[in-house]
file structure.cif (mmCIF, C-alpha atoms and all ligand atoms)
data_target
#
loop_
_atom_site.label_atom_id
_atom_site.label_comp_id
_atom_site.auth_asym_id
_atom_site.auth_seq_id
_atom_site.Cartn_x
_atom_site.Cartn_y
_atom_site.Cartn_z
CA MET A 1 15.85 57.52 -8.85
CA PRO A 2 14.98 57.83 -5.19
CA VAL A 3 14.74 61.46 -4.14
CA ARG A 4 15.23 62.34 -0.55
CA ARG A 5 13.68 65.67 0.32
CA ARG A 6 13.56 67.40 3.65
CA ARG A 7 10.11 67.60 5.06
CA GLY A 8 8.76 70.97 6.27
CA TRP A 9 9.39 70.16 9.89
CA GLU A 10 13.02 69.30 9.27
CA LEU A 11 13.71 72.90 8.29
CA CYS A 12 15.33 74.88 11.04
CA GLU A 13 13.28 77.77 12.31
CA SER A 14 15.39 80.50 10.76
CA GLU A 15 14.55 78.96 7.41
CA ALA A 16 10.81 78.96 8.05
CA THR A 17 9.70 80.54 4.79
CA PRO A 18 12.58 81.36 2.45
CA GLU A 19 11.14 81.52 -1.01
CA GLY A 20 13.55 79.05 -2.55
CA VAL A 21 12.60 76.22 -0.28
CA PHE A 22 8.91 76.50 -0.99
CA LEU A 23 9.24 77.21 -4.68
CA ARG A 24 11.32 74.08 -4.94
CA ARG A 25 8.75 72.20 -2.91
CA ARG A 26 5.96 73.27 -5.25
CA GLU A 27 7.91 72.22 -8.29
CA LEU A 28 8.44 68.86 -6.68
CA LEU A 29 4.77 68.50 -5.88
CA LYS A 30 3.78 69.39 -9.42
CA ALA A 31 6.27 66.97 -10.86
CA ALA A 32 5.11 64.30 -8.46
CA ALA A 33 1.50 64.91 -9.43
CA ALA A 34 2.45 64.57 -13.09
CA GLY A 35 4.22 61.33 -12.25
CA SER A 36 7.41 62.53 -13.87
CA ILE A 37 9.99 62.13 -11.17
CA LEU A 38 8.63 60.04 -8.39
CA GLY A 39 7.27 56.57 -8.47
CA PRO A 40 4.89 55.50 -5.73
CA GLY A 41 6.41 54.82 -2.36
CA LEU A 42 9.78 56.43 -2.93
CA PHE A 43 8.97 58.82 -0.16
CA SER A 44 5.76 59.73 1.45
CA LEU A 45 4.53 63.26 1.83
CA PRO A 46 2.07 63.99 4.59
CA ALA A 47 -1.30 63.10 3.06
CA TRP A 48 -2.48 66.71 2.88
CA ALA A 49 0.67 68.00 1.17
CA ALA A 50 0.04 65.91 -1.94
CA GLU A 51 -3.22 67.68 -2.79
CA GLU A 52 -2.77 70.61 -5.16
CA ASP A 53 -4.32 73.77 -3.85
CA PRO A 54 -5.53 76.31 -6.47
CA SER A 55 -4.13 79.13 -4.32
CA ALA A 56 -0.71 77.51 -3.81
CA GLU A 57 1.08 80.03 -6.01
CA LEU A 58 0.12 82.85 -3.61
CA TYR A 59 2.64 81.52 -1.08
CA PRO A 60 4.97 82.38 0.43
CA ALA A 61 3.56 85.87 0.94
CA LYS A 62 5.79 88.81 1.71
CA GLN A 63 6.49 89.12 5.42
CA ASN A 64 5.23 92.23 7.19
CA PRO A 65 8.16 93.32 9.41
CA ARG A 66 5.90 95.29 11.78
CA TYR A 67 5.01 92.21 13.84
CA THR A 68 8.06 90.78 15.55
CA LEU A 69 8.52 87.88 17.94
CA ASP A 70 10.35 87.67 21.26
CA ARG A 71 10.87 83.92 20.83
CA PRO A 72 11.71 81.41 18.11
CA LEU A 73 9.04 80.17 15.74
CA THR A 74 7.42 76.88 16.72
CA ALA A 75 8.53 74.00 14.54
CA GLU A 76 6.04 73.43 11.72
CA LYS A 77 5.59 69.81 12.71
CA LEU A 78 4.43 70.82 16.19
CA ALA A 79 2.10 73.61 15.09
CA THR A 80 0.47 71.38 12.49
CA TYR A 81 0.18 68.20 14.56
CA TYR A 82 -0.87 69.58 17.94
CA ASN A 83 -4.29 71.05 17.35
CA ASN A 84 -7.58 72.00 18.87
CA PHE A 85 -10.34 71.32 16.36
CA TYR A 86 -13.23 69.72 18.22
CA GLU A 87 -15.09 69.03 14.98
CA PHE A 88 -12.57 66.22 14.47
CA GLY A 89 -12.22 65.12 18.09
CA SER A 90 -11.32 66.47 21.50
CA GLN A 91 -7.75 65.10 21.42
CA LYS A 92 -4.81 67.08 20.02
CA THR A 93 -3.98 64.62 17.24
CA ILE A 94 -6.73 65.26 14.69
CA ALA A 95 -4.56 66.06 11.66
CA ASP A 96 -5.36 62.80 9.86
CA GLU A 97 -9.08 62.98 10.60
CA ALA A 98 -9.21 66.60 9.36
CA GLN A 99 -8.07 65.52 5.88
CA ALA A 100 -11.67 64.46 5.19
CA LEU A 101 -12.67 68.12 4.98
CA GLN A 102 -13.08 69.28 1.37
CA VAL A 103 -11.80 72.86 1.16
CA ARG A 104 -12.67 73.53 -2.51
CA PRO A 105 -15.00 74.82 -3.67
CA TRP A 106 -15.48 76.97 -0.54
CA THR A 107 -18.12 79.65 -0.37
CA ILE A 108 -18.49 82.25 2.33
CA LYS A 109 -21.79 83.83 3.20
CA ILE A 110 -21.84 87.48 4.26
CA ASP A 111 -25.16 88.50 5.79
CA GLY A 112 -26.99 90.52 8.40
CA LEU A 113 -26.47 94.27 8.71
CA VAL A 114 -24.63 94.82 5.43
CA ASP A 115 -25.20 96.94 2.36
CA LYS A 116 -25.99 93.80 0.36
CA GLU A 117 -25.96 90.18 1.53
CA MET A 118 -23.76 87.98 -0.65
CA THR A 119 -21.94 84.71 -1.00
CA VAL A 120 -18.39 84.83 -2.25
CA ASP A 121 -16.11 82.08 -3.50
CA LEU A 122 -12.91 81.90 -1.47
CA ASP A 123 -10.62 82.05 -4.51
CA ASP A 124 -12.51 85.12 -5.80
CA LEU A 125 -12.06 86.73 -2.40
CA LEU A 126 -8.35 85.90 -2.44
CA LYS A 127 -8.02 87.77 -5.75
CA LYS A 128 -9.33 90.91 -4.05
CA MET A 129 -7.07 90.69 -1.00
CA THR A 130 -3.33 91.24 -0.71
CA LEU A 131 -1.72 88.42 1.22
CA GLU A 132 1.07 89.03 3.70
CA GLU A 133 2.93 86.91 6.23
CA ARG A 134 2.93 87.79 9.93
CA LEU A 135 4.77 86.20 12.83
CA TYR A 136 2.39 86.03 15.79
CA ARG A 137 2.31 84.46 19.21
CA HIS A 138 -0.68 82.20 19.89
CA ARG A 139 -1.81 81.50 23.47
CA CYS A 140 -4.42 78.83 24.16
CA VAL A 141 -6.64 79.18 27.23
CA GLU A 142 -5.29 75.74 28.21
CA ALA A 143 -1.94 77.49 28.97
CA TRP A 144 0.17 76.31 26.03
CA SER A 145 1.53 78.58 23.36
CA MET A 146 3.28 78.67 20.02
CA ALA A 147 4.69 81.22 17.57
CA VAL A 148 3.55 80.88 13.98
CA PRO A 149 4.21 82.44 10.56
CA TRP A 150 0.62 82.94 9.34
CA SER A 151 -0.31 84.24 5.90
CA GLY A 152 -3.53 86.04 5.17
CA PHE A 153 -5.08 89.49 5.01
CA PRO A 154 -6.25 91.99 7.63
CA MET A 155 -9.79 91.41 8.82
CA ALA A 156 -10.25 95.18 8.36
CA ALA A 157 -9.90 94.67 4.58
CA PHE A 158 -12.58 91.99 4.70
CA VAL A 159 -14.91 94.27 6.70
CA ASP A 160 -14.44 96.99 4.06
CA PHE A 161 -15.31 94.44 1.39
CA ALA A 162 -18.45 93.34 3.29
CA LYS A 163 -19.74 96.94 3.67
CA PRO A 164 -21.49 96.71 7.04
CA LEU A 165 -24.18 99.22 7.94
CA SER A 166 -23.37 101.70 10.71
CA SER A 167 -25.85 99.84 12.92
CA ALA A 168 -23.61 96.72 12.91
CA LYS A 169 -21.77 96.41 16.22
CA TYR A 170 -20.43 92.85 16.06
CA VAL A 171 -19.21 90.23 13.59
CA ARG A 172 -20.43 86.70 14.23
CA MET A 173 -18.51 83.89 12.53
CA GLU A 174 -19.53 80.34 11.90
CA THR A 175 -17.55 77.18 11.06
CA PHE A 176 -18.84 74.63 8.52
CA LEU A 177 -21.41 72.09 9.70
CA ASP A 178 -21.09 68.58 8.24
CA PRO A 179 -21.20 65.71 10.74
CA LYS A 180 -20.53 63.19 7.94
CA VAL A 181 -17.10 64.75 7.48
CA ALA A 182 -16.47 65.93 11.04
CA PRO A 183 -17.33 63.14 13.49
CA GLY A 184 -17.02 65.47 16.48
CA GLN A 185 -20.17 67.19 15.21
CA LYS A 186 -22.09 64.00 15.96
CA GLN A 187 -21.54 64.73 19.65
CA VAL A 188 -24.92 66.27 20.29
CA TRP A 189 -23.98 67.76 23.66
CA TYR A 190 -21.93 70.41 21.81
CA PRO A 191 -23.76 73.38 20.24
CA TRP A 192 -22.55 72.97 16.62
CA PRO A 193 -21.60 74.74 14.49
CA TYR A 194 -18.64 76.45 16.19
CA ILE A 195 -19.45 80.16 16.62
CA GLU A 196 -17.24 83.06 17.55
CA GLY A 197 -17.69 86.80 17.59
CA VAL A 198 -15.85 90.09 17.90
CA THR A 199 -16.86 93.73 18.06
CA ILE A 200 -16.58 95.79 14.90
CA ALA A 201 -13.76 97.72 16.59
CA GLU A 202 -11.87 94.48 17.28
CA ALA A 203 -12.46 93.29 13.72
CA GLY A 204 -11.01 96.57 12.46
CA ASN A 205 -7.94 96.42 14.71
CA GLU A 206 -4.78 96.01 12.68
CA LEU A 207 -3.86 92.76 14.44
CA ALA A 208 -7.07 90.91 13.53
CA PHE A 209 -5.98 88.64 10.71
CA LEU A 210 -7.88 86.30 8.42
CA VAL A 211 -5.55 83.42 7.74
CA THR A 212 -5.32 81.33 4.59
CA GLY A 213 -1.71 80.16 4.91
CA MET A 214 0.87 78.96 7.40
CA TYR A 215 4.64 78.33 7.11
CA GLY A 216 4.63 79.74 3.59
CA LYS A 217 1.95 77.36 2.26
CA PRO A 218 -1.82 77.13 2.24
CA VAL A 219 -3.03 76.55 5.79
CA PRO A 220 -3.44 72.82 6.50
CA LYS A 221 -6.93 71.49 7.11
CA GLN A 222 -6.22 70.68 10.74
CA ASP A 223 -5.27 74.33 11.33
CA GLY A 224 -8.50 75.67 9.88
CA ALA A 225 -8.31 75.60 6.09
CA PRO A 226 -9.22 77.32 3.96
CA LEU A 227 -10.01 80.44 6.03
CA ARG A 228 -9.62 81.02 9.76
CA LEU A 229 -9.35 83.95 12.10
CA VAL A 230 -6.29 84.80 14.20
CA LEU A 231 -6.58 87.26 17.11
CA PRO A 232 -3.19 87.06 18.80
CA TRP A 233 -4.13 89.09 21.90
CA LYS A 234 -7.01 86.77 22.78
CA TYR A 235 -7.10 83.18 23.92
CA GLY A 236 -6.90 80.77 21.01
CA PHE A 237 -10.53 79.64 21.09
CA LYS A 238 -11.56 83.03 19.65
CA SER A 239 -9.56 82.18 16.50
CA VAL A 240 -12.35 80.29 14.74
CA LYS A 241 -11.39 77.84 11.99
CA SER A 242 -12.80 76.90 8.57
CA ILE A 243 -15.23 79.84 8.45
CA VAL A 244 -18.26 79.67 6.13
CA ARG A 245 -20.28 82.63 7.34
CA PHE A 246 -19.76 86.18 8.59
CA SER A 247 -22.86 87.87 9.99
CA PHE A 248 -22.90 91.54 10.92
CA THR A 249 -25.21 92.15 13.83
CA ASP A 250 -26.14 94.54 16.63
CA LYS A 251 -26.40 91.67 19.15
CA ARG A 252 -23.36 90.31 20.94
CA PRO A 253 -22.79 86.79 19.59
CA VAL A 254 -22.70 83.92 22.05
CA SER A 255 -19.75 81.73 21.22
CA PHE A 256 -19.51 77.95 21.13
CA TRP A 257 -17.46 77.79 24.33
CA GLU A 258 -19.60 80.39 26.09
CA THR A 259 -22.63 78.19 25.39
CA VAL A 260 -20.81 75.09 26.64
CA GLN A 261 -19.39 76.66 29.81
CA GLY A 262 -20.25 80.35 30.20
CA ASP A 263 -18.64 80.69 33.63
CA GLU A 264 -15.25 79.70 32.16
CA TYR A 265 -15.20 81.17 28.64
CA GLY A 266 -16.50 84.71 28.12
CA PHE A 267 -16.93 86.97 25.13
CA TRP A 268 -13.78 89.07 25.54
CA ALA A 269 -11.22 86.37 26.35
CA ASN A 270 -8.24 88.70 26.30
CA VAL A 271 -5.04 87.02 27.47
CA ASN A 272 -4.39 88.07 31.06
CA PRO A 273 -1.93 86.33 33.40
CA ASP A 274 -3.63 87.95 36.43
CA VAL A 275 -7.04 86.40 35.87
CA PRO A 276 -6.90 82.65 36.45
CA HIS A 277 -9.18 80.27 34.65
CA PRO A 278 -11.55 78.85 37.30
CA ARG A 279 -9.63 75.56 37.15
CA TRP A 280 -6.01 76.64 36.52
CA SER A 281 -3.60 79.58 36.62
CA GLN A 282 -2.92 81.68 33.52
CA ALA A 283 0.32 83.14 34.93
CA THR A 284 2.63 80.99 32.80
CA GLU A 285 2.46 78.99 29.60
CA ARG A 286 3.99 75.81 28.20
CA VAL A 287 5.74 76.78 24.99
CA LEU A 288 5.35 73.98 22.45
CA GLY A 289 8.73 72.40 21.77
CA VAL A 290 10.42 74.08 24.74
CA ASP A 291 10.87 72.41 28.12
CA ALA A 292 10.63 75.47 30.37
CA ARG A 293 7.45 77.46 30.95
CA ARG A 294 7.49 81.18 30.39
CA PRO A 295 5.48 83.98 31.97
CA THR A 296 2.32 84.90 30.10
CA LEU A 297 2.15 88.51 28.96
CA LYS A 298 -0.93 90.68 29.38
CA TRP A 299 -2.75 90.96 26.02
CA ASN A 300 -0.26 88.24 25.03
CA GLY A 301 2.26 91.07 24.62
CA TYR A 302 0.10 93.07 22.17
CA GLY A 303 -1.12 95.81 24.57
CA GLU A 304 0.30 98.66 22.48
CA PHE A 305 -2.00 97.63 19.64
CA VAL A 306 -5.17 96.69 21.49
CA ALA A 307 -5.38 97.95 25.09
CA HIS A 308 -7.22 101.12 23.98
CA LEU A 309 -10.07 99.01 22.57
CA TYR A 310 -11.15 98.23 26.11
CA ASP A 311 -11.10 101.71 27.66
CA GLY A 312 -14.31 102.28 29.57
CA LEU A 313 -15.15 98.56 29.62
CA GLU A 314 -13.62 97.95 33.05
CA LYS A 315 -16.91 96.66 34.44
CA GLU A 316 -17.12 93.95 31.77
CA ARG A 317 -15.81 90.46 32.32
CA LEU A 318 -12.94 91.36 30.05
CA PHE A 319 -10.48 88.60 30.35
CA ALA A 320 -12.10 85.34 31.25
N1 LIG B 1 -14.01 75.57 14.44
C1 LIG B 1 -13.12 75.53 15.44
N2 LIG B 1 -12.24 76.53 15.58
C2 LIG B 1 -11.32 76.50 16.59
C3 LIG B 1 -11.31 75.42 17.53
C4 LIG B 1 -12.23 74.36 17.33
O1 LIG B 1 -12.30 73.38 18.10
N3 LIG B 1 -13.12 74.44 16.27
N4 LIG B 1 -10.40 75.43 18.56
C5 LIG B 1 -9.86 76.75 18.96
C6 LIG B 1 -8.76 76.66 19.92
S1 LIG B 1 -9.19 76.27 21.51
C7 LIG B 1 -7.48 76.96 19.58
S2 LIG B 1 -6.26 77.01 20.75
C8 LIG B 1 -7.10 77.17 18.18
C9 LIG B 1 -6.04 76.15 17.80
O2 LIG B 1 -5.51 76.41 16.54
P1 LIG B 1 -4.37 75.43 15.97
O3 LIG B 1 -4.88 74.03 16.03
O4 LIG B 1 -4.09 75.89 14.59
O5 LIG B 1 -3.20 75.61 16.90
O6 LIG B 1 -8.19 77.06 17.27
C10 LIG B 1 -9.42 77.56 17.75
N5 LIG B 1 -10.42 77.51 16.69
MO MO B 2 -7.38 76.95 22.76
#
call {"tool": "encode", "arguments": {"input": "structure.cif", "output": "structure tokens"}}
result
Amino acid sequence: MPVRRRRGWELCESEATPEGVFLRRRELLKAAAAGSILGPGLFSLPAWAAEEDPSAELYPAKQNPRYTLDRPLTAEKLATYYNNFYEFGSQKTIADEAQALQVRPWTIKIDGLVDKEMTVDLDDLLKKMTLEERLYRHRCVEAWSMAVPWSGFPMAAFVDFAKPLSSAKYVRMETFLDPKVAPGQKQVWYPWPYIEGVTIAEAGNELAFLVTGMYGKPVPKQDGAPLRLVLPWKYGFKSVKSIVRFSFTDKRPVSFWETVQGDEYGFWANVNPDVPHPRWSQATERVLGVDARRPTLKWNGYGEFVAHLYDGLEKERLFA
């Protein structure tokens, strides 16, 4: 019997993560995997949705009401098809290419200035963390933006788990390196792997979020599966995807984009409409799925949470 199901992106935004929808979806996927209800070709799921994820039952996570939006959520289809993930190409449509990434097993190395260096399996880490859903704005330095229901755990909880020494001042993060899987990494003019970094204070800020899910499901590969960072007050390039290593250090990390073009992409990269990028204005943003532009907010609207982190740093190149 042909079954017609609504795809994720056909859900209206107010329905983004109601439990029923996703529970039903999981049952369908399981049944489809077992071959019980669906013959081949009756409908096609996006390629990545058909793969069972061992952490799938953790979603949807309970929404944390503390983080509210001033705009509708971006449609799932837009947020998961319009990506920046240079490992898979410099164009926005890399979702298909990204499916080559194997996200299990996934081990994370924790090293540098910590009590004890270790490697941890992602699913073991997930057992130690409490997942929650948060609605956050996301502002790319290229002046487009979206609003996304992410699931994950506070980076502060991860830092506690890692037990850094008091001499650690920064966290340096690294994306996987595998040019066989990620053709962009064959482009030798880029300094692979992708690196990002934050101060310990930024990592401990309540907004800093390690993401494992999106739209009430495991995060898709093209959005940085199985573990990515989200720092909603900073330009999107700070939100490093598919992380394999966290190093605690007393030296300020030099990020991928800072190495590529240091006069355009600095360490702090806090969203600021008053500081133009050398090649374009940051005053407004193109909201994905919406025709009109809207004004960009300082700290992307999160000043009450983060502005204090930068007291006394006025002489730094804070925002570019
Ligand atoms: N490893 C890695 N992480 C990355 C990038 C990338 O190219 N590689 N792009 C960054 C940029 S510029 C943005 S805007 C966001 C995009 O996240 P999204 O595709 O989920 O919207 O990821 C960031 N993290
Ligand atoms: Mo970006």
call {"tool": "atom_distance", "arguments": {"input": "structure.cif", "atom1": "atom CA of A:Ile110", "atom2": "atom CA of A:Met129"}}
result
16.0 Å
call {"tool": "residues_near_ligand", "arguments": {"input": "structure.cif", "ligand": "ligand MO 2 (chain B)", "cutoff": "7 Å", "atoms": "only C-alpha atoms and all ligand atoms", "output": "compact mmCIF listing (two decimals) with C-alpha atoms, in the frame of the given file"}}
result
# COMPACT_ATOMS: atom_id res chain seq x y z
CA ASN A 84 -7.58 72.00 18.87
CA CYS A 140 -4.42 78.83 24.16
CA VAL A 141 -6.64 79.18 27.23
CA GLU A 142 -5.29 75.74 28.21
CA TYR A 235 -7.10 83.18 23.92
CA GLY A 236 -6.90 80.77 21.01
CA PHE A 237 -10.53 79.64 21.09
call {"tool": "closest_atom_pairs", "arguments": {"input": "structure.cif", "of": "chain A", "to": "ligand LIG 1 (chain B)", "cutoff": "9 Å", "atoms": "only C-alpha atoms and all ligand atoms", "output": "Markdown table"}}
result
| residue | atom | partner | partner_atom | distance |
| --- | --- | --- | --- | --- |
| A:Ala79 | CA | B:LIG1 | O5 | 5.9 |
| A:Thr80 | CA | B:LIG1 | O4 | 6.7 |
| A:Tyr81 | CA | B:LIG1 | O3 | 7.9 |
| A:Tyr82 | CA | B:LIG1 | O3 | 6.3 |
| A:Asn83 | CA | B:LIG1 | O3 | 3.3 |
| A:Asn84 | CA | B:LIG1 | O3 | 4.4 |
| A:Phe85 | CA | B:LIG1 | O1 | 3.3 |
| A:Tyr86 | CA | B:LIG1 | O1 | 3.8 |
| A:Glu87 | CA | B:LIG1 | N3 | 5.9 |
| A:Phe88 | CA | B:LIG1 | O1 | 8.0 |
| A:Gly89 | CA | B:LIG1 | O1 | 8.3 |
| A:Ser90 | CA | B:LIG1 | O1 | 7.8 |
| A:Lys92 | CA | B:LIG1 | O3 | 8.0 |
| A:His138 | CA | B:LIG1 | O5 | 7.7 |
| A:Arg139 | CA | B:LIG1 | S2 | 6.9 |
| A:Cys140 | CA | B:LIG1 | S2 | 4.3 |
| A:Val141 | CA | B:LIG1 | S2 | 6.8 |
| A:Glu142 | CA | B:LIG1 | S2 | 7.6 |
| A:Trp144 | CA | B:LIG1 | S2 | 8.3 |
| A:Ser145 | CA | B:LIG1 | S2 | 8.4 |
| A:Met146 | CA | B:LIG1 | O5 | 7.8 |
| A:Glu174 | CA | B:LIG1 | N1 | 7.7 |
| A:Thr175 | CA | B:LIG1 | N1 | 5.2 |
| A:Phe176 | CA | B:LIG1 | N1 | 7.7 |
| A:Pro193 | CA | B:LIG1 | N1 | 7.6 |
| A:Tyr194 | CA | B:LIG1 | N1 | 5.0 |
| A:Ile195 | CA | B:LIG1 | N1 | 7.4 |
| A:Glu196 | CA | B:LIG1 | N2 | 8.5 |
| A:Val219 | CA | B:LIG1 | O4 | 8.9 |
| A:Pro220 | CA | B:LIG1 | O4 | 8.7 |
| A:Gln222 | CA | B:LIG1 | O3 | 6.4 |
| A:Asp223 | CA | B:LIG1 | O4 | 3.8 |
| A:Gly224 | CA | B:LIG1 | O4 | 6.5 |
| A:Arg228 | CA | B:LIG1 | N2 | 7.8 |
| A:Leu229 | CA | B:LIG1 | N5 | 8.0 |
| A:Val230 | CA | B:LIG1 | O6 | 8.5 |
| A:Tyr235 | CA | B:LIG1 | S2 | 7.0 |
| A:Gly236 | CA | B:LIG1 | S2 | 3.8 |
| A:Phe237 | CA | B:LIG1 | S1 | 3.7 |
| A:Lys238 | CA | B:LIG1 | C10 | 6.2 |
| A:Ser239 | CA | B:LIG1 | N5 | 4.8 |
| A:Val240 | CA | B:LIG1 | N2 | 3.9 |
| A:Lys241 | CA | B:LIG1 | N2 | 3.9 |
| A:Ser242 | CA | B:LIG1 | N1 | 6.1 |
| A:Ile243 | CA | B:LIG1 | N1 | 7.5 |
| A:Phe256 | CA | B:LIG1 | N3 | 8.8 |
| A:Trp257 | CA | B:LIG1 | S1 | 8.9 |
call {"tool": "atom_distance", "arguments": {"input": "structure.cif", "atom1": "atom CA of A:Lys251", "atom2": "atom CA of A:Ala203"}}
result
15.0 Å
call {"tool": "closest_residue", "arguments": {"input": "structure.cif", "among": "A:Ala269, A:Ala283, A:Ala75, A:Leu227", "to": "A:Pro295", "atoms": "all atoms listed in the file"}}
result
A:Ala283
call {"tool": "residues_around", "arguments": {"input": "structure.cif", "residues": "A:Gln102", "least_positions_apart": "3", "cutoff": "9 Å", "atoms": "only C-alpha atoms", "output": "PyMOL selection string"}}
result
chain A and resi 99+105-106+181+221
call {"tool": "closest_residue", "arguments": {"input": "structure.cif", "among": "A:Arg294, A:Lys127, A:His308, A:Arg317", "to": "A:Tyr265", "atoms": "all atoms listed in the file"}}
result
A:Arg317
call {"tool": "residues_around", "arguments": {"input": "structure.cif", "residues": "A:Ser151", "least_positions_apart": "4", "cutoff": "10 Å", "atoms": "all atoms listed in the file", "output": "list in words"}}
result
Leu58, Tyr59, Pro60, Ala61, Lys62, Gln63, Asn64, Leu131, Glu132, Glu133, Arg134, Leu135, Phe209, Leu210, Val211, Thr212, Gly213, Met214, Tyr215, Gly216, Lys217, Pro218 and Val219 of chain A
call {"tool": "decode", "arguments": {"input": "structure.cif", "residues": "stretch 254-260 of chain A", "atoms": "all heavy atoms", "output": "PDB file, in the first residue's frame"}}
result
ATOM      1  N   VAL A 254      44.643  29.891  16.220  1.00  0.00           N
ATOM      2  CA  VAL A 254      44.463  30.615  14.962  1.00  0.00           C
ATOM      3  C   VAL A 254      43.504  29.793  14.120  1.00  0.00           C
ATOM      4  O   VAL A 254      43.768  28.631  13.811  1.00  0.00           O
ATOM      5  CB  VAL A 254      45.804  30.808  14.231  1.00  0.00           C
ATOM      6  CG1 VAL A 254      45.593  31.589  12.935  1.00  0.00           C
ATOM      7  CG2 VAL A 254      46.786  31.537  15.143  1.00  0.00           C
ATOM      8  N   SER A 255      42.375  30.392  13.779  1.00  0.00           N
ATOM      9  CA  SER A 255      41.330  29.618  13.121  1.00  0.00           C
ATOM     10  C   SER A 255      41.616  29.438  11.634  1.00  0.00           C
ATOM     11  O   SER A 255      42.464  30.121  11.047  1.00  0.00           O
ATOM     12  CB  SER A 255      39.976  30.299  13.296  1.00  0.00           C
ATOM     13  OG  SER A 255      39.881  31.392  12.405  1.00  0.00           O
ATOM     14  N   PHE A 256      40.883  28.511  11.047  1.00  0.00           N
ATOM     15  CA  PHE A 256      40.943  28.237   9.611  1.00  0.00           C
ATOM     16  C   PHE A 256      40.825  29.531   8.809  1.00  0.00           C
ATOM     17  O   PHE A 256      41.680  29.857   7.984  1.00  0.00           O
ATOM     18  CB  PHE A 256      39.793  27.283   9.283  1.00  0.00           C
ATOM     19  CG  PHE A 256      39.639  26.891   7.838  1.00  0.00           C
ATOM     20  CD1 PHE A 256      40.354  25.831   7.308  1.00  0.00           C
ATOM     21  CD2 PHE A 256      38.736  27.554   7.016  1.00  0.00           C
ATOM     22  CE1 PHE A 256      40.176  25.443   5.983  1.00  0.00           C
ATOM     23  CE2 PHE A 256      38.555  27.172   5.691  1.00  0.00           C
ATOM     24  CZ  PHE A 256      39.278  26.114   5.179  1.00  0.00           C
ATOM     25  N   TRP A 257      39.753  30.304   9.078  1.00  0.00           N
ATOM     26  CA  TRP A 257      39.511  31.497   8.256  1.00  0.00           C
ATOM     27  C   TRP A 257      40.498  32.605   8.559  1.00  0.00           C
ATOM     28  O   TRP A 257      40.825  33.419   7.699  1.00  0.00           O
ATOM     29  CB  TRP A 257      38.062  31.977   8.416  1.00  0.00           C
ATOM     30  CG  TRP A 257      37.116  31.049   7.710  1.00  0.00           C
ATOM     31  CD1 TRP A 257      36.184  30.243   8.277  1.00  0.00           C
ATOM     32  CD2 TRP A 257      37.051  30.808   6.291  1.00  0.00           C
ATOM     33  NE1 TRP A 257      35.535  29.506   7.307  1.00  0.00           N
ATOM     34  CE2 TRP A 257      36.051  29.833   6.090  1.00  0.00           C
ATOM     35  CE3 TRP A 257      37.746  31.308   5.183  1.00  0.00           C
ATOM     36  CZ2 TRP A 257      35.716  29.351   4.819  1.00  0.00           C
ATOM     37  CZ3 TRP A 257      37.421  30.832   3.921  1.00  0.00           C
ATOM     38  CH2 TRP A 257      36.420  29.867   3.747  1.00  0.00           C
ATOM     39  N   GLU A 258      41.007  32.635   9.798  1.00  0.00           N
ATOM     40  CA  GLU A 258      42.028  33.633  10.138  1.00  0.00           C
ATOM     41  C   GLU A 258      43.304  33.335   9.365  1.00  0.00           C
ATOM     42  O   GLU A 258      43.982  34.254   8.891  1.00  0.00           O
ATOM     43  CB  GLU A 258      42.276  33.568  11.652  1.00  0.00           C
ATOM     44  CG  GLU A 258      42.802  34.847  12.238  1.00  0.00           C
ATOM     45  CD  GLU A 258      42.967  34.744  13.758  1.00  0.00           C
ATOM     46  OE1 GLU A 258      42.380  33.847  14.391  1.00  0.00           O
ATOM     47  OE2 GLU A 258      43.705  35.586  14.295  1.00  0.00           O
ATOM     48  N   THR A 259      43.628  32.042   9.201  1.00  0.00           N
ATOM     49  CA  THR A 259      44.803  31.659   8.427  1.00  0.00           C
ATOM     50  C   THR A 259      44.609  32.006   6.956  1.00  0.00           C
ATOM     51  O   THR A 259      45.518  32.515   6.302  1.00  0.00           O
ATOM     52  CB  THR A 259      45.069  30.134   8.568  1.00  0.00           C
ATOM     53  OG1 THR A 259      45.161  29.822   9.950  1.00  0.00           O
ATOM     54  CG2 THR A 259      46.347  29.727   7.855  1.00  0.00           C
ATOM     55  N   VAL A 260      43.398  31.772   6.445  1.00  0.00           N
ATOM     56  CA  VAL A 260      43.126  32.041   5.028  1.00  0.00           C
ATOM     57  C   VAL A 260      43.192  33.542   4.752  1.00  0.00           C
ATOM     58  O   VAL A 260      43.784  33.984   3.764  1.00  0.00           O
ATOM     59  CB  VAL A 260      41.734  31.488   4.631  1.00  0.00           C
ATOM     60  CG1 VAL A 260      41.345  31.928   3.228  1.00  0.00           C
ATOM     61  CG2 VAL A 260      41.708  29.966   4.735  1.00  0.00           C
TER      62      VAL A 260
END
